[in-house]
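Participant: Contents of query.txt (compact mmCIF, C-alpha atoms) are below:
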```
# COMPACT_ATOMS: atom_id res chain seq x y z
CA VAL A 10 -12.48 91.25 -31.40
CA SER A 11 -11.23 91.57 -27.82
CA VAL A 12 -7.78 90.52 -28.99
CA CYS A 13 -7.70 92.68 -32.11
CA VAL A 14 -9.20 96.02 -31.11
CA PRO A 15 -6.74 97.03 -28.36
CA PRO A 16 -3.59 96.65 -30.52
CA SER A 17 -5.25 98.65 -33.27
CA LEU A 18 -4.91 101.98 -31.51
CA PRO A 19 -1.12 101.86 -31.00
CA ARG A 20 -0.76 100.61 -34.57
CA LEU A 21 -2.83 103.58 -35.82
CA LEU A 22 -0.53 105.99 -33.96
CA ILE A 23 2.54 104.30 -35.48
CA VAL A 24 1.36 103.83 -39.07
CA TYR A 25 -0.34 107.25 -39.30
CA PRO A 26 1.70 109.36 -36.88
CA TRP A 27 -0.33 112.50 -37.52
CA THR A 28 -3.15 110.83 -35.56
CA GLN A 29 -1.02 111.41 -32.45
CA ARG A 30 -2.22 115.02 -32.55
CA PHE A 31 -5.30 113.96 -30.56
CA PHE A 32 -3.27 112.37 -27.80
CA SER A 33 -0.83 115.12 -26.85
CA ASN A 34 -1.64 114.60 -23.15
CA PHE A 35 -0.94 110.89 -23.27
CA GLY A 36 2.73 111.25 -22.39
CA ASN A 37 5.51 109.46 -24.24
CA LEU A 38 4.64 108.71 -27.88
CA SER A 39 8.17 109.21 -29.15
CA SER A 40 8.74 105.74 -30.63
CA PRO A 41 6.80 102.60 -31.55
CA THR A 42 8.05 100.95 -28.35
CA ALA A 43 6.94 103.95 -26.27
CA ILE A 44 3.53 103.99 -27.96
CA ILE A 45 2.94 100.26 -27.50
CA GLY A 46 3.99 100.43 -23.84
CA ASN A 47 2.10 103.64 -23.05
CA PRO A 48 -0.53 102.89 -20.35
CA LYS A 49 -2.85 105.71 -21.47
CA VAL A 50 -2.84 104.39 -25.04
CA ARG A 51 -3.63 100.93 -23.72
CA ALA A 52 -6.45 102.28 -21.56
CA HIS A 53 -7.91 104.17 -24.50
CA GLY A 54 -7.67 101.05 -26.65
CA LYS A 55 -9.83 99.28 -24.06
CA LYS A 56 -12.43 102.09 -24.21
CA VAL A 57 -12.58 101.79 -27.99
CA LEU A 58 -12.96 98.00 -27.62
CA THR A 59 -15.87 98.41 -25.21
CA SER A 60 -17.77 100.73 -27.53
CA PHE A 61 -17.04 98.48 -30.51
CA GLY A 62 -18.38 95.55 -28.53
CA GLU A 63 -21.58 97.57 -27.98
CA ALA A 64 -21.87 98.12 -31.74
CA VAL A 65 -21.48 94.40 -32.45
CA LYS A 66 -24.18 93.64 -29.84
CA ASN A 67 -26.51 96.27 -31.30
CA LEU A 68 -25.96 95.81 -35.02
CA ASP A 69 -29.47 96.98 -35.76
CA SER A 70 -29.07 100.30 -33.98
CA ILE A 71 -25.48 101.39 -34.42
CA LYS A 72 -26.45 105.01 -35.05
CA GLY A 73 -28.22 105.12 -31.67
CA THR A 74 -25.33 103.38 -29.89
CA TYR A 75 -22.85 105.98 -31.14
CA SER A 76 -25.03 109.08 -30.92
CA LYS A 77 -23.51 110.48 -27.71
CA LEU A 78 -19.98 109.46 -28.69
CA SER A 79 -20.46 111.28 -31.98
CA GLU A 80 -21.35 114.49 -30.17
CA LEU A 81 -18.34 114.04 -27.92
CA HIS A 82 -15.88 113.46 -30.79
CA CYS A 83 -17.20 116.55 -32.58
CA GLN A 84 -17.80 119.05 -29.79
CA LYS A 85 -15.16 118.19 -27.27
CA LEU A 86 -12.51 116.06 -28.93
CA HIS A 87 -12.58 117.76 -32.39
CA VAL A 88 -11.56 114.61 -34.25
CA ASP A 89 -11.67 114.66 -38.06
CA PRO A 90 -13.95 111.72 -39.00
CA GLU A 91 -11.33 110.57 -41.52
CA ASN A 92 -9.49 109.21 -38.49
CA PHE A 93 -12.35 106.78 -37.77
CA ARG A 94 -11.88 105.38 -41.27
CA LEU A 95 -8.14 105.02 -40.70
CA LEU A 96 -8.70 103.16 -37.41
CA GLY A 97 -11.24 100.89 -39.11
CA ASP A 98 -8.72 99.93 -41.81
CA ILE A 99 -6.04 99.25 -39.19
CA LEU A 100 -8.48 96.98 -37.31
CA ILE A 101 -9.12 95.03 -40.52
CA ILE A 102 -5.39 94.44 -40.98
CA VAL A 103 -5.00 93.32 -37.36
CA LEU A 104 -7.93 90.93 -37.85
CA ALA A 105 -6.25 89.58 -40.99
CA SER A 106 -2.99 89.02 -39.06
CA HIS A 107 -4.86 87.27 -36.30
CA PHE A 108 -7.16 85.03 -38.34
CA GLY A 109 -4.96 84.41 -41.37
CA ARG A 110 -6.72 82.51 -44.13
CA ASP A 111 -9.90 82.32 -42.04
CA PHE A 112 -10.23 86.04 -42.70
CA THR A 113 -11.72 85.32 -46.11
CA PRO A 114 -12.64 87.97 -48.70
CA ALA A 115 -16.26 87.56 -47.58
CA SER A 116 -15.29 88.14 -43.93
CA GLN A 117 -13.26 91.17 -44.90
CA ALA A 118 -16.17 92.56 -46.92
CA ALA A 119 -18.50 92.23 -43.93
CA TRP A 120 -16.01 93.82 -41.55
CA GLN A 121 -15.31 96.67 -44.00
CA LYS A 122 -19.04 97.37 -43.95
CA LEU A 123 -19.13 97.27 -40.15
CA VAL A 124 -16.19 99.62 -39.67
CA GLY A 125 -17.67 101.87 -42.34
CA VAL A 126 -21.00 101.97 -40.51
CA VAL A 127 -19.28 102.66 -37.17
CA ALA A 128 -17.22 105.47 -38.72
CA HIS A 129 -20.34 106.92 -40.29
CA ALA A 130 -22.27 106.70 -37.00
CA LEU A 131 -19.44 108.45 -35.15
CA ALA A 132 -19.45 111.25 -37.72
CA ARG A 133 -23.22 111.50 -37.95
CA ASN A 134 -23.80 114.12 -35.26
CA TYR A 135 -21.02 116.42 -36.41
CA HIS A 136 -22.04 119.97 -37.07
CA MET B 8 5.42 111.04 -48.36
CA VAL B 9 9.12 110.38 -48.44
CA LEU B 10 10.49 106.88 -48.01
CA SER B 11 13.27 106.86 -45.42
CA PRO B 12 16.24 104.49 -45.76
CA GLN B 13 14.60 102.32 -43.09
CA ASP B 14 11.32 102.27 -45.04
CA LYS B 15 13.18 101.12 -48.15
CA THR B 16 14.94 98.37 -46.18
CA ASN B 17 11.62 97.24 -44.69
CA VAL B 18 9.88 97.16 -48.08
CA LYS B 19 12.69 95.23 -49.75
CA ALA B 20 12.68 92.75 -46.87
CA VAL B 21 8.91 92.17 -47.24
CA PHE B 22 9.17 91.61 -50.97
CA GLY B 23 12.14 89.35 -50.42
CA LYS B 24 9.94 87.18 -48.18
CA ILE B 25 6.84 87.17 -50.39
CA CYS B 26 8.40 87.14 -53.87
CA GLY B 27 7.55 83.46 -54.39
CA HIS B 28 3.87 84.23 -53.86
CA ALA B 29 3.63 87.71 -55.35
CA ASP B 30 1.38 86.59 -58.23
CA GLU B 31 -1.13 84.91 -55.89
CA TYR B 32 -1.06 87.88 -53.55
CA GLY B 33 -1.81 90.24 -56.45
CA ALA B 34 -4.80 88.13 -57.47
CA GLU B 35 -6.06 87.79 -53.92
CA ALA B 36 -5.76 91.54 -53.34
CA LEU B 37 -7.93 92.13 -56.39
CA GLU B 38 -10.43 89.49 -55.28
CA ARG B 39 -10.68 91.09 -51.83
CA MET B 40 -11.02 94.56 -53.32
CA PHE B 41 -13.85 93.50 -55.67
CA HIS B 42 -15.64 91.85 -52.76
CA ALA B 43 -15.20 94.58 -50.14
CA HIS B 44 -15.49 97.55 -52.51
CA PRO B 45 -17.84 96.44 -55.30
CA GLN B 46 -17.64 99.83 -56.99
CA THR B 47 -14.12 98.87 -58.13
CA LYS B 48 -15.65 96.23 -60.39
CA THR B 49 -16.87 99.02 -62.65
CA TYR B 50 -13.38 99.19 -64.15
CA PHE B 51 -13.59 95.55 -65.25
CA PRO B 52 -16.89 95.10 -67.11
CA HIS B 53 -14.99 93.01 -69.66
CA PHE B 54 -13.68 90.56 -67.04
CA ASP B 55 -15.14 87.41 -65.60
CA LEU B 56 -14.92 88.26 -61.88
CA ALA B 57 -16.13 84.91 -60.52
CA LYS B 58 -13.96 83.22 -57.89
CA GLY B 59 -10.86 81.66 -59.45
CA SER B 60 -11.21 83.68 -62.64
CA ALA B 61 -8.24 83.26 -64.96
CA GLN B 62 -8.51 86.91 -65.98
CA VAL B 63 -8.27 88.08 -62.35
CA LYS B 64 -5.29 85.75 -61.80
CA ALA B 65 -3.56 87.17 -64.87
CA HIS B 66 -4.30 90.71 -63.82
CA GLY B 67 -3.10 89.98 -60.29
CA LYS B 68 0.18 88.81 -61.79
CA LYS B 69 0.54 92.12 -63.64
CA VAL B 70 -0.20 94.13 -60.48
CA ALA B 71 2.30 92.06 -58.48
CA ALA B 72 4.97 92.46 -61.16
CA ALA B 73 4.57 96.22 -61.05
CA LEU B 74 4.88 96.27 -57.25
CA VAL B 75 7.98 94.06 -57.38
CA GLU B 76 9.47 96.31 -60.06
CA ALA B 77 8.77 99.36 -57.91
CA ALA B 78 10.32 97.68 -54.84
CA ASN B 79 13.40 96.69 -56.86
CA ASN B 80 13.77 100.29 -58.06
CA ILE B 81 12.66 101.92 -54.87
CA ASP B 82 14.99 104.89 -55.32
CA ASP B 83 13.20 105.83 -58.54
CA ILE B 84 9.66 104.49 -58.50
CA ALA B 85 8.54 107.20 -60.94
CA GLY B 86 11.13 106.07 -63.46
CA ALA B 87 10.38 102.39 -62.99
CA LEU B 88 6.62 102.85 -63.44
CA SER B 89 6.71 105.64 -66.01
CA LYS B 90 5.01 103.64 -68.78
CA LEU B 91 2.33 102.39 -66.38
CA SER B 92 1.81 105.96 -65.22
CA ASP B 93 1.21 107.04 -68.84
CA LEU B 94 -1.19 104.15 -69.36
CA HIS B 95 -3.26 105.03 -66.31
CA ALA B 96 -3.38 108.71 -67.24
CA GLN B 97 -4.21 108.36 -70.89
CA LYS B 98 -6.14 105.16 -71.21
CA LEU B 99 -7.27 103.59 -67.93
CA ARG B 100 -8.06 106.73 -65.90
CA VAL B 101 -8.86 104.80 -62.73
CA ASP B 102 -10.03 107.28 -60.10
CA PRO B 103 -7.18 107.93 -57.65
CA VAL B 104 -9.22 106.82 -54.64
CA ASN B 105 -9.10 103.23 -55.89
CA PHE B 106 -5.33 102.88 -55.52
CA LYS B 107 -5.77 103.31 -51.77
CA LEU B 108 -8.39 100.55 -51.77
CA LEU B 109 -6.16 98.12 -53.65
CA GLY B 110 -3.18 99.08 -51.49
CA HIS B 111 -5.21 98.38 -48.35
CA CYS B 112 -6.30 94.98 -49.70
CA PHE B 113 -2.71 94.13 -50.56
CA LEU B 114 -1.75 94.88 -46.93
CA VAL B 115 -4.61 92.62 -45.79
CA VAL B 116 -3.26 89.80 -47.97
CA VAL B 117 0.28 90.22 -46.64
CA ALA B 118 -1.07 90.32 -43.07
CA SER B 119 -3.23 87.22 -43.45
CA HIS B 120 -0.44 85.13 -44.98
CA ASN B 121 2.51 86.50 -42.98
CA PRO B 122 1.27 87.92 -39.68
CA SER B 123 4.71 88.04 -38.11
CA VAL B 124 6.12 90.07 -41.00
CA LEU B 125 3.73 92.97 -40.64
CA THR B 126 4.96 94.61 -37.45
CA PRO B 127 3.63 98.16 -36.93
CA GLU B 128 6.88 99.66 -38.28
CA VAL B 129 6.95 97.43 -41.38
CA HIS B 130 3.22 98.07 -41.87
CA ALA B 131 3.93 101.80 -41.87
CA SER B 132 6.75 101.41 -44.42
CA LEU B 133 4.73 99.17 -46.72
CA ASP B 134 1.72 101.50 -46.52
CA LYS B 135 3.95 104.46 -47.43
CA PHE B 136 5.39 102.49 -50.34
CA LEU B 137 1.95 101.57 -51.68
CA CYS B 138 0.87 105.23 -51.36
CA ALA B 139 3.98 106.25 -53.30
CA VAL B 140 3.12 103.76 -56.06
CA GLY B 141 -0.45 105.13 -56.23
CA THR B 142 0.88 108.66 -56.39
CA VAL B 143 3.20 107.78 -59.30
CA LEU B 144 0.40 106.04 -61.18
CA THR B 145 -1.87 109.08 -60.91
CA ALA B 146 0.86 111.72 -61.28
CA LYS B 147 0.12 112.51 -64.92
CA TYR B 148 -3.67 112.65 -64.61
CA ARG B 149 -3.73 116.43 -64.91
```
Please lay out the structure from this file as structure tokens.
Facilitator:
Amino acid sequence: VSVCVPPSLPRLLIVYPWTQRFFSNFGNLSSPTAIIGNPKVRAHGKKVLTSFGEAVKNLDSIKGTYSKLSELHCQKLHVDPENFRLLGDILIIVLASHFGRDFTPASQAAWQKLVGVVAHALARNYH
Amino acid sequence: MVLSPQDKTNVKAVFGKICGHADEYGAEALERMFHAHPQTKTYFPHFDLAKGSAQVKAHGKKVAAALVEAANNIDDIAGALSKLSDLHAQKLRVDPVNFKLLGHCFLVVVASHNPSVLTPEVHASLDKFLCAVGTVLTAKYR
């Protein structure tokens, strides 16, 4: 996970460029090279990794783990929850690239559930 | 979503690399989709969906052939898939959301077998292409 989560954010910004709308103060996002090299993107990728790590450690209470972050993404960051789904799918593809055949259909199914639950938890306190 | 000349080049390059395995990839994409998104199985009550199923392999071959055909006629995907588009509209009526799911699983298969091929830029192009195919297949729904 620590290897796969950080590259997922730049990949999200490249594959679905409209997601860059939330990062207008991150500086140069003008090309894939710029995005991948951007220190603010990298730093944010690490933040996302940390919170994902928390989810994996607290699989029985993901809603609780993400409660404050959900408020933040709704009230302050104004992120459409669809974007959480998009990031989850990107993470799955990065995992597949990293683990190859070891990323079996059963593994993928479990991870799809996890990213789905995380996305749901992040959207849960939206109002 | 419009495919740029670079997108088309990227897609053709990917299919050039995977064409020997397209059939297997089609079957594996279906297998992954059935596993990760069990609701998609509702379209195949007449199939044996157990691992290694001959019916899934055969269907995977059909899916792969359609994708290869679309890639080979990337300047006119609608023309190339016109009959398939009619079929999906009139007979199969698969809910549009499911094309995204299969497209995603196809990307997962390509990524797991060819990690170095799926750079972020190529990933973007392939994703756009798969969206375009889905759009064509659902274009005549209403």
Participant: Using all atoms listed in the file and a cut-off of 6 Å, which residues of chain A sit close to chain B? Please list them as a CSV table (one decimal) with C-alpha atoms, in the coordinates of the input.
Facilitator:
```csv
chain,number,residue,atom,x,y,z
A,20,ARG,CA,-0.8,100.6,-34.6
A,24,VAL,CA,1.4,103.8,-39.1
A,102,ILE,CA,-5.4,94.4,-41.0
A,105,ALA,CA,-6.2,89.6,-41.0
A,106,SER,CA,-3.0,89.0,-39.1
A,109,GLY,CA,-5.0,84.4,-41.4
A,110,ARG,CA,-6.7,82.5,-44.1
A,114,PRO,CA,-12.6,88.0,-48.7
A,118,ALA,CA,-16.2,92.6,-46.9
```
Participant: Quick one: residues within 12 Å of A:Thr59, only C-alpha atoms counted, chain neighbours fewer than 3 positions away excluded, as a list in words?
Facilitator: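 Counting only the stated atoms, we get Val10, Ser11, Val12, Val14, Pro15, Ala52, His53, Gly54, Lys55, Lys56, Gly62, Glu63, Ala64, Val65, Lys66, Thr74 and Tyr75 of chain A.
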Participant: Could you check how far atom CA of B:Leu137 sits from atom CA of B:Lys98, in Å to one decimal?
Facilitator: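 Result for atom CA of B:Leu137 versus atom CA of B:Lys98: 21.4 Å, one decimal.
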Participant: Would you work out the distance separating atom CA of A:Gln84 from atom CA of A:Ala130, expressed in Å to one decimal?
Facilitator: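 That distance, rounded to one decimal, is 15.0 Å.
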Participant: Hey, what's within 12 Å of stretch 33-38 of chain A if we count all atoms listed in the file and toss same-chain stuff fewer than 2 positions away? As a PyMOL selection string, please?
Facilitator: chain A and resi 19-20+22-23+26-31+40-53+86
Participant: What does the distance between atom CA of A:His107 and atom CA of A:Leu58 come to in Å, to one decimal place?
Facilitator: 16.0 Å
Participant: In terms of the shortest atom-to-atom distance over all atoms listed in the file, which of B:Ile81, B:Lys147, B:Leu88, B:Thr47 is closest to B:Phe106?
Facilitator: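 Selected residue with least distance to B:Phe106: B:Thr47.
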Participant: Name the closest residue to B:Ser60 among the candidates B:Val140, B:Arg100, B:Ala34, B:Gly110; distances are taken between atoms, counting all atoms listed in the file.
Facilitator: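 Answer, going by the shortest atom-to-atom distance: B:Ala34.
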Participant: Kindly add all heavy atoms to the incomplete stretch 67-78 of chain A and provide the output as a PDB file, in the coordinates of the input.
Facilitator:
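So out.pdb came out as:
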```pdb
ATOM      1  N   ASN A  67     -25.330  95.508 -30.875  1.00  0.00           N
ATOM      2  CA  ASN A  67     -26.510  96.270 -31.300  1.00  0.00           C
ATOM      3  C   ASN A  67     -26.426  96.619 -32.775  1.00  0.00           C
ATOM      4  O   ASN A  67     -26.586  97.769 -33.161  1.00  0.00           O
ATOM      5  CB  ASN A  67     -26.620  97.563 -30.487  1.00  0.00           C
ATOM      6  CG  ASN A  67     -26.850  97.293 -29.022  1.00  0.00           C
ATOM      7  OD1 ASN A  67     -27.944  96.935 -28.624  1.00  0.00           O
ATOM      8  ND2 ASN A  67     -25.802  97.434 -28.225  1.00  0.00           N
ATOM      9  N   LEU A  68     -26.194  95.584 -33.603  1.00  0.00           N
ATOM     10  CA  LEU A  68     -25.960  95.810 -35.020  1.00  0.00           C
ATOM     11  C   LEU A  68     -27.132  96.503 -35.709  1.00  0.00           C
ATOM     12  O   LEU A  68     -26.962  97.138 -36.733  1.00  0.00           O
ATOM     13  CB  LEU A  68     -25.642  94.486 -35.735  1.00  0.00           C
ATOM     14  CG  LEU A  68     -24.257  93.905 -35.438  1.00  0.00           C
ATOM     15  CD1 LEU A  68     -24.144  92.512 -36.030  1.00  0.00           C
ATOM     16  CD2 LEU A  68     -23.165  94.798 -35.996  1.00  0.00           C
ATOM     17  N   ASP A  69     -28.322  96.357 -35.123  1.00  0.00           N
ATOM     18  CA  ASP A  69     -29.470  96.980 -35.760  1.00  0.00           C
ATOM     19  C   ASP A  69     -29.674  98.438 -35.346  1.00  0.00           C
ATOM     20  O   ASP A  69     -30.548  99.120 -35.870  1.00  0.00           O
ATOM     21  CB  ASP A  69     -30.756  96.180 -35.458  1.00  0.00           C
ATOM     22  CG  ASP A  69     -30.709  94.817 -36.126  1.00  0.00           C
ATOM     23  OD1 ASP A  69     -30.165  94.733 -37.238  1.00  0.00           O
ATOM     24  OD2 ASP A  69     -31.213  93.845 -35.533  1.00  0.00           O
ATOM     25  N   SER A  70     -28.872  98.912 -34.411  1.00  0.00           N
ATOM     26  CA  SER A  70     -29.070 100.300 -33.980  1.00  0.00           C
ATOM     27  C   SER A  70     -27.737 100.961 -33.671  1.00  0.00           C
ATOM     28  O   SER A  70     -27.535 101.539 -32.607  1.00  0.00           O
ATOM     29  CB  SER A  70     -29.969 100.338 -32.748  1.00  0.00           C
ATOM     30  OG  SER A  70     -29.358  99.570 -31.719  1.00  0.00           O
ATOM     31  N   ILE A  71     -26.826 100.848 -34.629  1.00  0.00           N
ATOM     32  CA  ILE A  71     -25.480 101.390 -34.420  1.00  0.00           C
ATOM     33  C   ILE A  71     -25.518 102.899 -34.287  1.00  0.00           C
ATOM     34  O   ILE A  71     -24.815 103.491 -33.471  1.00  0.00           O
ATOM     35  CB  ILE A  71     -24.522 100.922 -35.533  1.00  0.00           C
ATOM     36  CG1 ILE A  71     -24.294  99.420 -35.409  1.00  0.00           C
ATOM     37  CG2 ILE A  71     -23.206 101.663 -35.458  1.00  0.00           C
ATOM     38  CD1 ILE A  71     -23.245  98.865 -36.339  1.00  0.00           C
ATOM     39  N   LYS A  72     -26.396 103.539 -35.107  1.00  0.00           N
ATOM     40  CA  LYS A  72     -26.450 105.010 -35.050  1.00  0.00           C
ATOM     41  C   LYS A  72     -26.789 105.452 -33.625  1.00  0.00           C
ATOM     42  O   LYS A  72     -26.198 106.389 -33.094  1.00  0.00           O
ATOM     43  CB  LYS A  72     -27.515 105.544 -36.015  1.00  0.00           C
ATOM     44  CG  LYS A  72     -27.071 105.522 -37.467  1.00  0.00           C
ATOM     45  CD  LYS A  72     -28.177 106.052 -38.376  1.00  0.00           C
ATOM     46  CE  LYS A  72     -27.957 105.595 -39.803  1.00  0.00           C
ATOM     47  NZ  LYS A  72     -29.209 105.565 -40.564  1.00  0.00           N
ATOM     48  N   GLY A  73     -27.790 104.786 -33.032  1.00  0.00           N
ATOM     49  CA  GLY A  73     -28.220 105.120 -31.670  1.00  0.00           C
ATOM     50  C   GLY A  73     -27.090 104.902 -30.670  1.00  0.00           C
ATOM     51  O   GLY A  73     -26.801 105.752 -29.826  1.00  0.00           O
ATOM     52  N   THR A  74     -26.422 103.731 -30.806  1.00  0.00           N
ATOM     53  CA  THR A  74     -25.330 103.380 -29.890  1.00  0.00           C
ATOM     54  C   THR A  74     -24.263 104.462 -29.882  1.00  0.00           C
ATOM     55  O   THR A  74     -23.686 104.768 -28.853  1.00  0.00           O
ATOM     56  CB  THR A  74     -24.690 102.054 -30.335  1.00  0.00           C
ATOM     57  OG1 THR A  74     -25.693 101.058 -30.417  1.00  0.00           O
ATOM     58  CG2 THR A  74     -23.609 101.611 -29.366  1.00  0.00           C
ATOM     59  N   TYR A  75     -23.954 105.038 -31.033  1.00  0.00           N
ATOM     60  CA  TYR A  75     -22.850 105.980 -31.140  1.00  0.00           C
ATOM     61  C   TYR A  75     -23.266 107.448 -31.063  1.00  0.00           C
ATOM     62  O   TYR A  75     -22.425 108.333 -31.189  1.00  0.00           O
ATOM     63  CB  TYR A  75     -22.065 105.727 -32.429  1.00  0.00           C
ATOM     64  CG  TYR A  75     -21.063 104.605 -32.278  1.00  0.00           C
ATOM     65  CD1 TYR A  75     -21.309 103.336 -32.793  1.00  0.00           C
ATOM     66  CD2 TYR A  75     -19.874 104.807 -31.583  1.00  0.00           C
ATOM     67  CE1 TYR A  75     -20.398 102.307 -32.632  1.00  0.00           C
ATOM     68  CE2 TYR A  75     -18.952 103.784 -31.412  1.00  0.00           C
ATOM     69  CZ  TYR A  75     -19.229 102.535 -31.937  1.00  0.00           C
ATOM     70  OH  TYR A  75     -18.328 101.519 -31.773  1.00  0.00           O
ATOM     71  N   SER A  76     -24.544 107.703 -30.856  1.00  0.00           N
ATOM     72  CA  SER A  76     -25.030 109.080 -30.920  1.00  0.00           C
ATOM     73  C   SER A  76     -24.282 110.020 -29.963  1.00  0.00           C
ATOM     74  O   SER A  76     -23.788 111.071 -30.376  1.00  0.00           O
ATOM     75  CB  SER A  76     -26.536 109.079 -30.647  1.00  0.00           C
ATOM     76  OG  SER A  76     -26.996 110.381 -30.640  1.00  0.00           O
ATOM     77  N   LYS A  77     -24.175 109.596 -28.681  1.00  0.00           N
ATOM     78  CA  LYS A  77     -23.510 110.480 -27.710  1.00  0.00           C
ATOM     79  C   LYS A  77     -22.010 110.597 -28.004  1.00  0.00           C
ATOM     80  O   LYS A  77     -21.423 111.668 -27.901  1.00  0.00           O
ATOM     81  CB  LYS A  77     -23.699 109.960 -26.280  1.00  0.00           C
ATOM     82  CG  LYS A  77     -25.086 110.158 -25.728  1.00  0.00           C
ATOM     83  CD  LYS A  77     -25.081 110.511 -24.220  1.00  0.00           C
ATOM     84  CE  LYS A  77     -26.440 110.977 -23.743  1.00  0.00           C
ATOM     85  NZ  LYS A  77     -27.417 109.850 -23.630  1.00  0.00           N
ATOM     86  N   LEU A  78     -21.413 109.453 -28.395  1.00  0.00           N
ATOM     87  CA  LEU A  78     -19.980 109.460 -28.690  1.00  0.00           C
ATOM     88  C   LEU A  78     -19.681 110.358 -29.879  1.00  0.00           C
ATOM     89  O   LEU A  78     -18.627 110.994 -29.952  1.00  0.00           O
ATOM     90  CB  LEU A  78     -19.491 108.042 -28.991  1.00  0.00           C
ATOM     91  CG  LEU A  78     -19.024 107.231 -27.788  1.00  0.00           C
ATOM     92  CD1 LEU A  78     -18.610 105.838 -28.227  1.00  0.00           C
ATOM     93  CD2 LEU A  78     -17.864 107.916 -27.087  1.00  0.00           C
TER      94      LEU A  78
END
```
